[in-house]
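Listing of structure.txt, compact mmCIF, C-alpha atoms and all ligand atoms
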# COMPACT_ATOMS: atom_id res chain seq x y z
CA MET A 948 93.45 79.38 200.05
CA SER A 949 94.45 82.98 199.32
CA ASP A 950 94.40 82.14 195.58
CA ILE A 951 90.73 81.21 195.81
CA LEU A 952 89.79 84.20 197.95
CA SER A 953 91.75 86.76 195.92
CA SER A 954 89.22 86.41 193.10
CA CYS A 955 86.37 84.53 194.69
CA ARG A 956 84.18 82.30 192.54
CA LEU A 957 83.04 79.90 195.24
CA CYS A 958 79.33 80.38 194.60
CA PRO A 959 77.22 80.89 191.47
CA ARG A 960 77.41 84.68 191.93
CA GLU A 961 81.04 84.41 190.81
CA CYS A 962 81.47 88.02 191.91
CA GLY A 963 85.28 87.77 191.68
CA ALA A 964 85.87 89.87 194.82
CA ASP A 965 89.38 90.06 196.22
CA ARG A 966 88.25 89.15 199.69
CA ARG A 967 91.62 90.05 201.21
CA VAL A 968 90.68 93.70 200.67
CA LYS A 969 86.89 93.82 200.27
CA ARG A 970 83.72 91.89 200.92
CA GLY A 971 81.98 89.89 198.21
CA PHE A 972 78.28 89.85 197.32
CA CYS A 973 77.85 87.43 200.24
CA GLY A 974 79.00 90.20 202.61
CA GLU A 975 82.16 88.41 203.73
CA SER A 976 85.90 89.06 203.58
CA ASP A 977 88.59 86.38 203.94
CA LYS A 978 88.08 86.29 207.75
CA VAL A 979 85.77 83.56 209.01
CA ARG A 980 82.78 84.92 210.90
CA ILE A 981 80.15 82.98 212.80
CA SER A 982 77.22 84.11 214.94
CA ARG A 983 76.44 81.04 217.02
CA ALA A 984 77.84 77.57 217.74
CA GLU A 985 75.60 75.40 219.93
CA PRO A 986 73.90 72.01 219.94
CA HIS A 987 70.52 72.37 218.22
CA HIS A 988 67.65 69.96 218.84
CA TRP A 989 65.18 71.00 216.16
CA GLU A 990 66.67 69.58 212.98
CA GLU A 991 65.36 66.41 211.31
CA PRO A 992 65.55 63.49 213.84
CA PRO A 993 68.52 61.66 212.20
CA ILE A 994 70.49 64.92 212.28
CA SER A 995 69.61 66.07 215.82
CA GLY A 996 69.63 62.67 217.52
CA LYS A 997 69.74 62.82 221.33
CA GLY A 998 72.71 65.16 221.72
CA GLY A 999 71.58 67.74 219.18
CA ALA A 1000 73.20 68.81 215.92
CA GLY A 1001 76.47 70.70 216.46
CA THR A 1002 75.36 73.77 214.55
CA VAL A 1003 77.83 76.46 213.54
CA PHE A 1004 76.01 79.42 211.94
CA PHE A 1005 78.26 81.25 209.50
CA THR A 1006 77.73 84.94 208.80
CA GLY A 1007 76.83 86.17 205.30
CA CYS A 1008 74.92 84.45 202.50
CA THR A 1009 75.05 84.03 198.75
CA LEU A 1010 71.26 84.43 198.49
CA ARG A 1011 68.99 87.35 199.37
CA CYS A 1012 65.77 85.69 200.49
CA CYS A 1013 63.26 88.39 201.40
CA TYR A 1014 61.68 86.15 204.07
CA CYS A 1015 64.95 84.89 205.63
CA GLN A 1016 64.47 83.84 209.25
CA ASN A 1017 68.19 84.34 209.87
CA TYR A 1018 68.37 87.77 208.21
CA GLU A 1019 70.35 89.22 211.14
CA ILE A 1020 73.31 87.07 210.15
CA SER A 1021 72.67 86.45 206.43
CA SER A 1022 71.98 90.05 205.39
CA LEU A 1023 72.74 92.32 208.35
CA GLY A 1024 76.11 90.69 209.00
CA LYS A 1025 75.78 89.94 212.72
CA GLY A 1026 78.68 87.75 213.80
CA PHE A 1027 82.20 87.60 215.16
CA GLU A 1028 85.56 86.70 213.68
CA LEU A 1029 87.41 83.45 214.34
CA SER A 1030 90.81 82.30 213.13
CA VAL A 1031 90.90 78.91 211.43
CA ALA A 1032 92.44 77.41 214.60
CA GLN A 1033 89.60 78.93 216.65
CA LEU A 1034 87.10 77.40 214.24
CA ARG A 1035 88.73 74.02 214.88
CA ASP A 1036 88.39 74.69 218.64
CA CYS A 1037 84.76 75.60 218.14
CA PHE A 1038 84.18 72.19 216.48
CA LEU A 1039 85.98 70.47 219.38
CA ARG A 1040 83.86 72.34 221.91
CA LEU A 1041 80.65 71.12 220.25
CA MET A 1042 81.96 67.56 220.28
CA ASP A 1043 82.80 67.91 223.99
CA MET A 1044 79.25 69.13 224.58
CA GLY A 1045 77.93 65.84 223.17
CA ALA A 1046 76.69 67.07 219.79
CA GLU A 1047 75.98 64.23 217.35
CA ASN A 1048 77.83 65.92 214.49
CA ILE A 1049 79.19 69.22 213.23
CA GLU A 1050 76.52 70.98 211.20
CA LEU A 1051 77.84 73.82 209.05
CA VAL A 1052 75.00 76.29 208.45
CA SER A 1053 75.26 78.63 205.44
CA PRO A 1054 78.94 77.71 204.94
CA THR A 1055 79.50 78.24 201.18
CA GLN A 1056 81.51 81.47 201.42
CA PHE A 1057 83.96 79.85 203.87
CA VAL A 1058 84.59 76.44 202.28
CA PRO A 1059 88.42 76.83 202.05
CA GLN A 1060 88.75 77.84 205.73
CA ILE A 1061 86.32 75.10 206.84
CA THR A 1062 88.26 72.33 205.09
CA GLU A 1063 91.47 73.65 206.67
CA ALA A 1064 89.86 73.61 210.15
CA LEU A 1065 88.52 70.07 209.55
CA ASP A 1066 92.01 68.97 208.48
CA MET A 1067 93.27 70.21 211.87
CA LEU A 1068 90.88 67.76 213.59
CA GLY A 1069 92.71 64.82 212.04
CA ASN A 1070 91.24 61.46 213.03
CA GLU A 1071 88.90 63.04 215.56
CA ARG A 1072 86.59 64.22 212.80
CA PRO A 1073 82.90 63.57 213.54
CA THR A 1074 80.06 63.31 211.00
CA VAL A 1075 80.00 66.60 209.11
CA VAL A 1076 76.69 68.01 207.86
CA TYR A 1077 76.62 70.75 205.21
CA ASN A 1078 73.43 72.81 205.51
CA SER A 1079 73.07 75.33 202.70
CA GLY A 1080 70.51 77.29 200.71
CA GLY A 1081 71.28 75.04 197.75
CA TYR A 1082 72.72 77.86 195.62
CA GLU A 1083 76.05 76.16 195.00
CA LYS A 1084 78.56 75.36 192.30
CA ALA A 1085 79.33 71.70 191.59
CA GLU A 1086 83.05 72.64 191.63
CA THR A 1087 82.77 73.91 195.21
CA ILE A 1088 80.93 70.74 196.23
CA GLU A 1089 83.84 68.78 194.71
CA MET A 1090 86.20 70.63 197.13
CA LEU A 1091 84.22 69.08 199.99
CA LYS A 1092 84.76 65.48 198.93
CA GLY A 1093 86.02 63.50 201.92
CA TYR A 1094 85.07 66.30 204.35
CA VAL A 1095 81.26 66.25 204.24
CA ASP A 1096 79.20 63.17 205.06
CA VAL A 1097 75.65 64.50 204.94
CA TYR A 1098 74.33 67.26 202.71
CA LEU A 1099 71.28 69.21 203.82
CA PRO A 1100 70.54 71.58 200.92
CA ASP A 1101 67.39 73.61 200.37
CA LEU A 1102 65.64 73.38 197.04
CA LYS A 1103 63.52 76.50 197.20
CA TYR A 1104 61.96 77.18 193.78
CA TYR A 1105 61.55 75.75 190.33
CA SER A 1106 60.51 78.99 188.63
CA CYS A 1107 63.20 81.53 187.66
CA GLU A 1108 60.68 84.29 188.17
CA LEU A 1109 60.06 83.30 191.81
CA SER A 1110 63.76 82.80 192.61
CA ARG A 1111 64.59 86.18 191.07
CA ARG A 1112 61.74 87.92 192.89
CA TYR A 1113 62.23 86.44 196.35
CA SER A 1114 65.95 85.53 196.47
CA ALA A 1115 67.65 87.64 193.76
CA ALA A 1116 68.85 84.53 191.92
CA ALA A 1117 67.13 83.90 188.59
CA ASP A 1118 69.36 80.87 187.92
CA TYR A 1119 68.56 79.25 191.28
CA PHE A 1120 66.94 75.97 190.18
CA GLU A 1121 69.47 75.25 187.46
CA LYS A 1122 72.40 75.77 189.85
CA ALA A 1123 70.80 74.04 192.82
CA ILE A 1124 69.71 70.89 191.00
CA THR A 1125 73.18 70.53 189.42
CA ALA A 1126 74.81 70.94 192.85
CA ILE A 1127 72.42 68.48 194.53
CA ARG A 1128 73.22 65.94 191.82
CA ALA A 1129 76.94 66.40 192.63
CA MET A 1130 76.25 66.06 196.37
CA GLN A 1131 74.33 62.80 195.89
CA LYS A 1132 76.98 61.40 193.57
CA GLN A 1133 79.63 62.21 196.20
CA VAL A 1134 78.01 60.69 199.31
CA GLY A 1135 75.55 58.19 197.82
CA ARG A 1136 72.26 56.92 199.19
CA PRO A 1137 71.31 57.48 202.84
CA VAL A 1138 73.16 55.38 205.42
CA TYR A 1139 71.97 55.29 209.05
CA GLU A 1140 73.63 54.07 212.24
CA ASN A 1141 71.64 53.99 215.49
CA ALA A 1142 68.96 56.15 213.83
CA LEU A 1143 71.50 58.86 212.92
CA MET A 1144 72.29 59.71 209.31
CA LYS A 1145 75.94 58.99 208.59
CA LYS A 1146 75.91 59.53 204.82
CA GLY A 1147 73.38 60.92 202.40
CA VAL A 1148 71.42 63.90 201.17
CA ILE A 1149 68.31 65.41 202.73
CA VAL A 1150 66.68 67.95 200.42
CA ARG A 1151 64.64 70.56 202.28
CA HIS A 1152 61.74 72.36 200.68
CA LEU A 1153 59.86 75.14 202.43
CA VAL A 1154 56.34 75.57 201.08
CA LEU A 1155 55.54 79.26 200.49
CA PRO A 1156 52.09 80.86 200.33
CA HIS A 1157 50.63 81.03 196.79
CA CYS A 1158 53.48 78.87 195.45
CA ARG A 1159 52.08 75.34 195.70
CA LYS A 1160 52.10 74.81 191.92
CA ASP A 1161 55.78 75.71 191.82
CA SER A 1162 56.44 73.31 194.72
CA ILE A 1163 54.64 70.49 192.92
CA LYS A 1164 56.59 71.14 189.71
CA LEU A 1165 59.82 71.13 191.73
CA ILE A 1166 58.97 67.74 193.28
CA GLU A 1167 58.19 66.33 189.83
CA GLU A 1168 61.50 67.62 188.46
CA LEU A 1169 63.36 66.19 191.46
CA ARG A 1170 61.80 62.82 190.68
CA GLU A 1171 63.06 63.10 187.10
CA VAL A 1172 66.62 63.41 188.43
CA PHE A 1173 66.57 61.01 191.40
CA GLU A 1174 65.16 57.61 192.25
CA PRO A 1175 63.12 57.73 195.49
CA GLN A 1176 65.85 55.81 197.37
CA ASP A 1177 68.61 58.23 196.32
CA ILE A 1178 67.67 61.09 198.66
CA VAL A 1179 65.39 61.95 201.55
CA LEU A 1180 62.97 64.86 201.37
CA SER A 1181 62.10 67.23 204.22
CA LEU A 1182 58.92 69.16 203.49
CA MET A 1183 58.70 72.21 205.72
CA SER A 1184 55.62 74.19 206.66
CA GLN A 1185 57.05 76.75 209.06
CA TYR A 1186 57.00 79.75 206.71
CA THR A 1187 56.29 82.89 208.73
CA PRO A 1188 56.35 86.36 207.14
CA MET A 1189 59.60 87.97 208.37
CA TYR A 1190 62.24 90.48 207.36
CA LYS A 1191 61.35 91.97 203.94
CA ALA A 1192 58.43 89.64 203.24
CA ALA A 1193 56.12 92.58 204.01
CA GLU A 1194 57.24 94.11 200.69
CA PHE A 1195 55.48 91.24 198.89
CA LYS A 1196 51.76 91.24 199.63
CA GLU A 1197 51.34 87.61 198.58
CA LEU A 1198 53.89 86.48 201.20
CA GLY A 1199 52.04 88.11 204.06
CA ARG A 1200 50.44 85.00 205.51
CA ARG A 1201 51.33 81.48 206.58
CA VAL A 1202 50.83 78.47 204.33
CA SER A 1203 47.33 76.97 204.35
CA SER A 1204 46.59 73.31 205.08
CA PHE A 1205 45.39 72.94 201.51
CA GLU A 1206 48.68 74.26 200.12
CA TYR A 1207 50.86 72.11 202.35
CA GLU A 1208 48.82 68.96 201.86
CA SER A 1209 48.71 69.30 198.09
CA VAL A 1210 52.52 69.47 198.00
CA LEU A 1211 52.69 66.55 200.42
CA ALA A 1212 50.49 64.55 198.04
CA ALA A 1213 52.99 65.25 195.23
CA VAL A 1214 55.84 64.00 197.44
CA GLU A 1215 53.93 60.82 198.20
CA LYS A 1216 53.12 60.31 194.52
CA ALA A 1217 56.81 60.69 193.66
CA GLY A 1218 57.64 58.05 196.29
CA PHE A 1219 60.22 60.03 198.26
CA ASP A 1220 60.76 59.08 201.87
CA GLY A 1221 61.22 61.87 204.33
CA PHE A 1222 60.14 64.20 207.10
CA PHE A 1223 56.96 66.16 207.15
CA GLN A 1224 56.33 68.89 209.68
CA GLU A 1225 53.18 69.44 211.66
CA ARG A 1226 51.64 72.76 210.62
CA SER A 1227 51.49 73.76 214.29
CA SER A 1228 55.28 74.08 214.16
CA ALA A 1229 55.05 77.30 212.13
CA GLU A 1230 56.35 79.65 214.79
CA GLU A 1231 58.92 82.42 214.90
CA ASP A 1232 60.62 80.82 217.89
CA TYR A 1233 62.50 78.49 215.51
CA VAL A 1234 65.01 81.33 215.23
CA PRO A 1235 67.89 80.94 217.70
CA GLU A 1236 69.75 83.80 219.35
CA PHE A 1237 72.70 85.16 217.37
CA PHE A 1238 75.77 86.93 218.73
CA ASP A 1239 78.00 89.73 217.48
CA LYS A 1240 80.80 89.00 219.97
CA LYS A 1241 82.53 85.78 220.93
CA TYR A 1242 80.35 84.58 223.78
CA TYR A 1243 81.74 81.20 224.85
S1 LIG A 1301 81.14 83.28 197.96
FE1 LIG A 1301 80.83 85.51 198.21
S2 LIG A 1301 82.67 86.47 197.42
FE2 LIG A 1301 82.64 84.34 196.67
S3 LIG A 1301 81.67 84.42 194.64
FE3 LIG A 1301 80.06 84.01 196.13
S4 LIG A 1301 79.26 86.03 196.69
FE4 LIG A 1301 81.23 86.37 195.70
Written as structure tokens, how would this file's structure read?
Ligand code: SF4
Amino acid sequence: MSDILSSCRLCPRECGADRRVKRGFCGESDKVRISRAEPHHWEEPPISGKGGAGTVFFTGCTLRCCYCQNYEISSLGKGFELSVAQLRDCFLRLMDMGAENIELVSPTQFVPQITEALDMLGNERPTVVYNSGGYEKAETIEMLKGYVDVYLPDLKYYSCELSRRYSAAADYFEKAITAIRAMQKQVGRPVYENALMKKGVIVRHLVLPHCRKDSIKLIEELREVFEPQDIVLSLMSQYTPMYKAAEFKELGRRVSSFEYESVLAAVEKAGFDGFFQERSSAEEDYVPEFFDKKYY
């Protein structure tokens, strides 16, 4: 593990930081940090189930989304340190609490430590869900083979201009679509058991104000890469101007019904199955409480 972290190239930033002595672009050193680990009932139904998803929110992020709902942990670094053994205990605690799975949220920068903690679980390993911003390297996804069952990546933008402007990642689509292809190849088409997803890929797309044409192009491109049965799509409407969104005038409002429904029509035309949020769900209270000290 120290080999990987001494010149880190886990994400497309490839910043090469020696994380034993300094933090990378993602804001993280070689010490695992999380900011919350609790069952969460507001994910897509086959992820949350009855017991809730066993979410573990990791601190830091490889993206810089100006509208990030979780900016306290992704950009401001709120969180607390855990050893790898404590991370294993944190997974066990969620399983004891009746969570349906372990859902790793924003985990990219800690993949080596996460696989080590999952190894410590041995045969007790539950379904593992990997929830990321989609800005990934196919090589890092390969490291997760046999560890992750369900991938839950975002696919945020098609346009380089938008991804550079809002997330500081001009190569976002190119990297994300390559990674999602690797994810789907690894875990295959969706498999359900008792209405819970046990294998598969759910691609999330958050519709942004003034960006419906980009969203439609993204759906069309996704259809070029995947057959409708290969993946599930989750089209999200909950955009709320937060964090640095105020610096971009065009992001200062919620998404209109027209915008959301025109993207929804593109999803239906492409034939993807999935989850579609009610617009009334666009509320700030989707953001859970985060902690800067171990609280459990
Ligand atoms: S995970 Fe962090 S340290 Fe590693 S390459 Fe990406 S930004 Fe740099």
Review point. Within 6 Å of (72.7, 64.8, 211.7), in the coordinates the file gives, what residues turn up when you count all atoms listed in the file, written out as JSON, numbers by chain?
Key: {"A": [993, 994, 995, 1000, 1048, 1144]}
Point to revise | Selection as a list of chain:residue names: residues within 7 Å of ligand LIG 1301 (chain A) by only C-alpha atoms and all ligand atoms | key: A:Cys955, A:Arg956, A:Leu957, A:Cys958, A:Pro959, A:Arg960, A:Glu961, A:Cys962, A:Gly963, A:Ala964, A:Arg966, A:Arg970, A:Gly971, A:Phe972, A:Cys973, A:Gly974, A:Glu975, A:Thr1009, A:Thr1055, A:Gln1056
With C-alpha atoms retained, could you export that selection as a PDB file, in the frame of the given file?
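Okay, this is what ended up in part-v9.pdb:
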ATOM      1  CA  CYS A 955      86.370  84.530 194.690  1.00  0.00           C
ATOM      2  CA  ARG A 956      84.180  82.300 192.540  1.00  0.00           C
ATOM      3  CA  LEU A 957      83.040  79.900 195.240  1.00  0.00           C
ATOM      4  CA  CYS A 958      79.330  80.380 194.600  1.00  0.00           C
ATOM      5  CA  PRO A 959      77.220  80.890 191.470  1.00  0.00           C
ATOM      6  CA  ARG A 960      77.410  84.680 191.930  1.00  0.00           C
ATOM      7  CA  GLU A 961      81.040  84.410 190.810  1.00  0.00           C
ATOM      8  CA  CYS A 962      81.470  88.020 191.910  1.00  0.00           C
ATOM      9  CA  GLY A 963      85.280  87.770 191.680  1.00  0.00           C
ATOM     10  CA  ALA A 964      85.870  89.870 194.820  1.00  0.00           C
ATOM     11  CA  ARG A 966      88.250  89.150 199.690  1.00  0.00           C
ATOM     12  CA  ARG A 970      83.720  91.890 200.920  1.00  0.00           C
ATOM     13  CA  GLY A 971      81.980  89.890 198.210  1.00  0.00           C
ATOM     14  CA  PHE A 972      78.280  89.850 197.320  1.00  0.00           C
ATOM     15  CA  CYS A 973      77.850  87.430 200.240  1.00  0.00           C
ATOM     16  CA  GLY A 974      79.000  90.200 202.610  1.00  0.00           C
ATOM     17  CA  GLU A 975      82.160  88.410 203.730  1.00  0.00           C
ATOM     18  CA  THR A1009      75.050  84.030 198.750  1.00  0.00           C
ATOM     19  CA  THR A1055      79.500  78.240 201.180  1.00  0.00           C
ATOM     20  CA  GLN A1056      81.510  81.470 201.420  1.00  0.00           C
TER      21      GLN A1056
END
Point to revise | Selection: 8 Å around region 1106-1123 of chain A, all atoms listed in the file, excl. self and same-chain fewer than 3 positions, as an MDAnalysis selection string | key: chainID A and resid 959 1010:1014 1081:1084 1102:1103 1126:1127 1161
Do a neighbour search on region 1169-1175 of chain A at 10 Å with all atoms listed in the file, toss out local chain neighbours closer than 6 positions, and write the hits as a PDB file with C-alpha atoms, keeping the file's coordinate frame.
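As a result, result.pdb now contains:
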ATOM      1  CA  LEU A1102      65.640  73.380 197.040  1.00  0.00           C
ATOM      2  CA  TYR A1105      61.550  75.750 190.330  1.00  0.00           C
ATOM      3  CA  ILE A1124      69.710  70.890 191.000  1.00  0.00           C
ATOM      4  CA  THR A1125      73.180  70.530 189.420  1.00  0.00           C
ATOM      5  CA  ILE A1127      72.420  68.480 194.530  1.00  0.00           C
ATOM      6  CA  ARG A1128      73.220  65.940 191.820  1.00  0.00           C
ATOM      7  CA  GLN A1131      74.330  62.800 195.890  1.00  0.00           C
ATOM      8  CA  ARG A1136      72.260  56.920 199.190  1.00  0.00           C
ATOM      9  CA  VAL A1150      66.680  67.950 200.420  1.00  0.00           C
ATOM     10  CA  ILE A1163      54.640  70.490 192.920  1.00  0.00           C
ATOM     11  CA  VAL A1214      55.840  64.000 197.440  1.00  0.00           C
ATOM     12  CA  LYS A1216      53.120  60.310 194.520  1.00  0.00           C
ATOM     13  CA  ALA A1217      56.810  60.690 193.660  1.00  0.00           C
ATOM     14  CA  GLY A1218      57.640  58.050 196.290  1.00  0.00           C
ATOM     15  CA  PHE A1219      60.220  60.030 198.260  1.00  0.00           C
ATOM     16  CA  ASP A1220      60.760  59.080 201.870  1.00  0.00           C
ATOM     17  CA  GLY A1221      61.220  61.870 204.330  1.00  0.00           C
TER      18      GLY A1221
END
Review point. For Ile981 (chain A), which of A:Gly1007, A:Gly1026, A:Gly1080, A:Gly999 is the closest residue, counting all atoms listed in the file?
Key: A:Gly1026
Check your understanding: Of the candidates A:Ala1193, A:Asp1239, A:Met1090, A:Gln1016, which shows the shortest atom-to-atom distance to Gln1060 (chain A), using only C-alpha atoms?
Key ->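 Smallest separation from Gln1060 (chain A) among the options: A:Met1090.
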Check your understanding: Mind pulling up the distance from CA of Arg1072 (chain A) to CA of Phe1222 (chain A)?
Key ->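 These two atoms are separated by 27.1 Å.
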Practice item. Show which residues sit within 12 Å of region 1029-1044 of chain A, as a PyMOL selection string. Count all atoms listed in the file, and ignore same-chain residues fewer than 2 positions away. Key: chain A and resi 948+977-987+997-1006+1026-1027+1046-1051+1057-1069+1071-1075+1239-1243
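For the pair CA of Lys1146 (chain A) and CA of Ser1021 (chain A), the interatomic distance is 27.2 Å.
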Point to revise | Residue nearest Cys1158 (chain A) among A:Arg1201, A:Lys969, A:His988, A:Lys1025 (counting only C-alpha atoms) | key: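 Result for the nearest residue to Cys1158 (chain A): A:Arg1201.
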Practice item. Return the single residue from A:Leu1198, A:Val1076, A:Ile1088, A:Glu1208 that is closest to Gly1147 (chain A), with distances computed using all atoms listed in the file. Key: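 Under the stated criterion, the closest residue is A:Val1076.
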Exercise for review: Go ahead and compute the interatomic distance for CA of Val1097 (chain A) and CA of Val1148 (chain A), in Å to one decimal.
Suggested key: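 So the two atoms, CA of Val1097 (chain A) and CA of Val1148 (chain A), lie 5.7 Å apart.
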Check your understanding: Given the choices A:His1157, A:Arg1151, A:Lys1092, A:Lys1164, which gets closest to Arg1200 (chain A) if the distance is worked out from all atoms listed in the file?
Key ->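 Closest candidate: A:His1157.
Using all atoms listed in the file, the smallest distance between any of A:Asp965, A:Glu991, A:Glu1206, A:Glu1028 and Phe1238 (chain A) comes from A:Glu1028.
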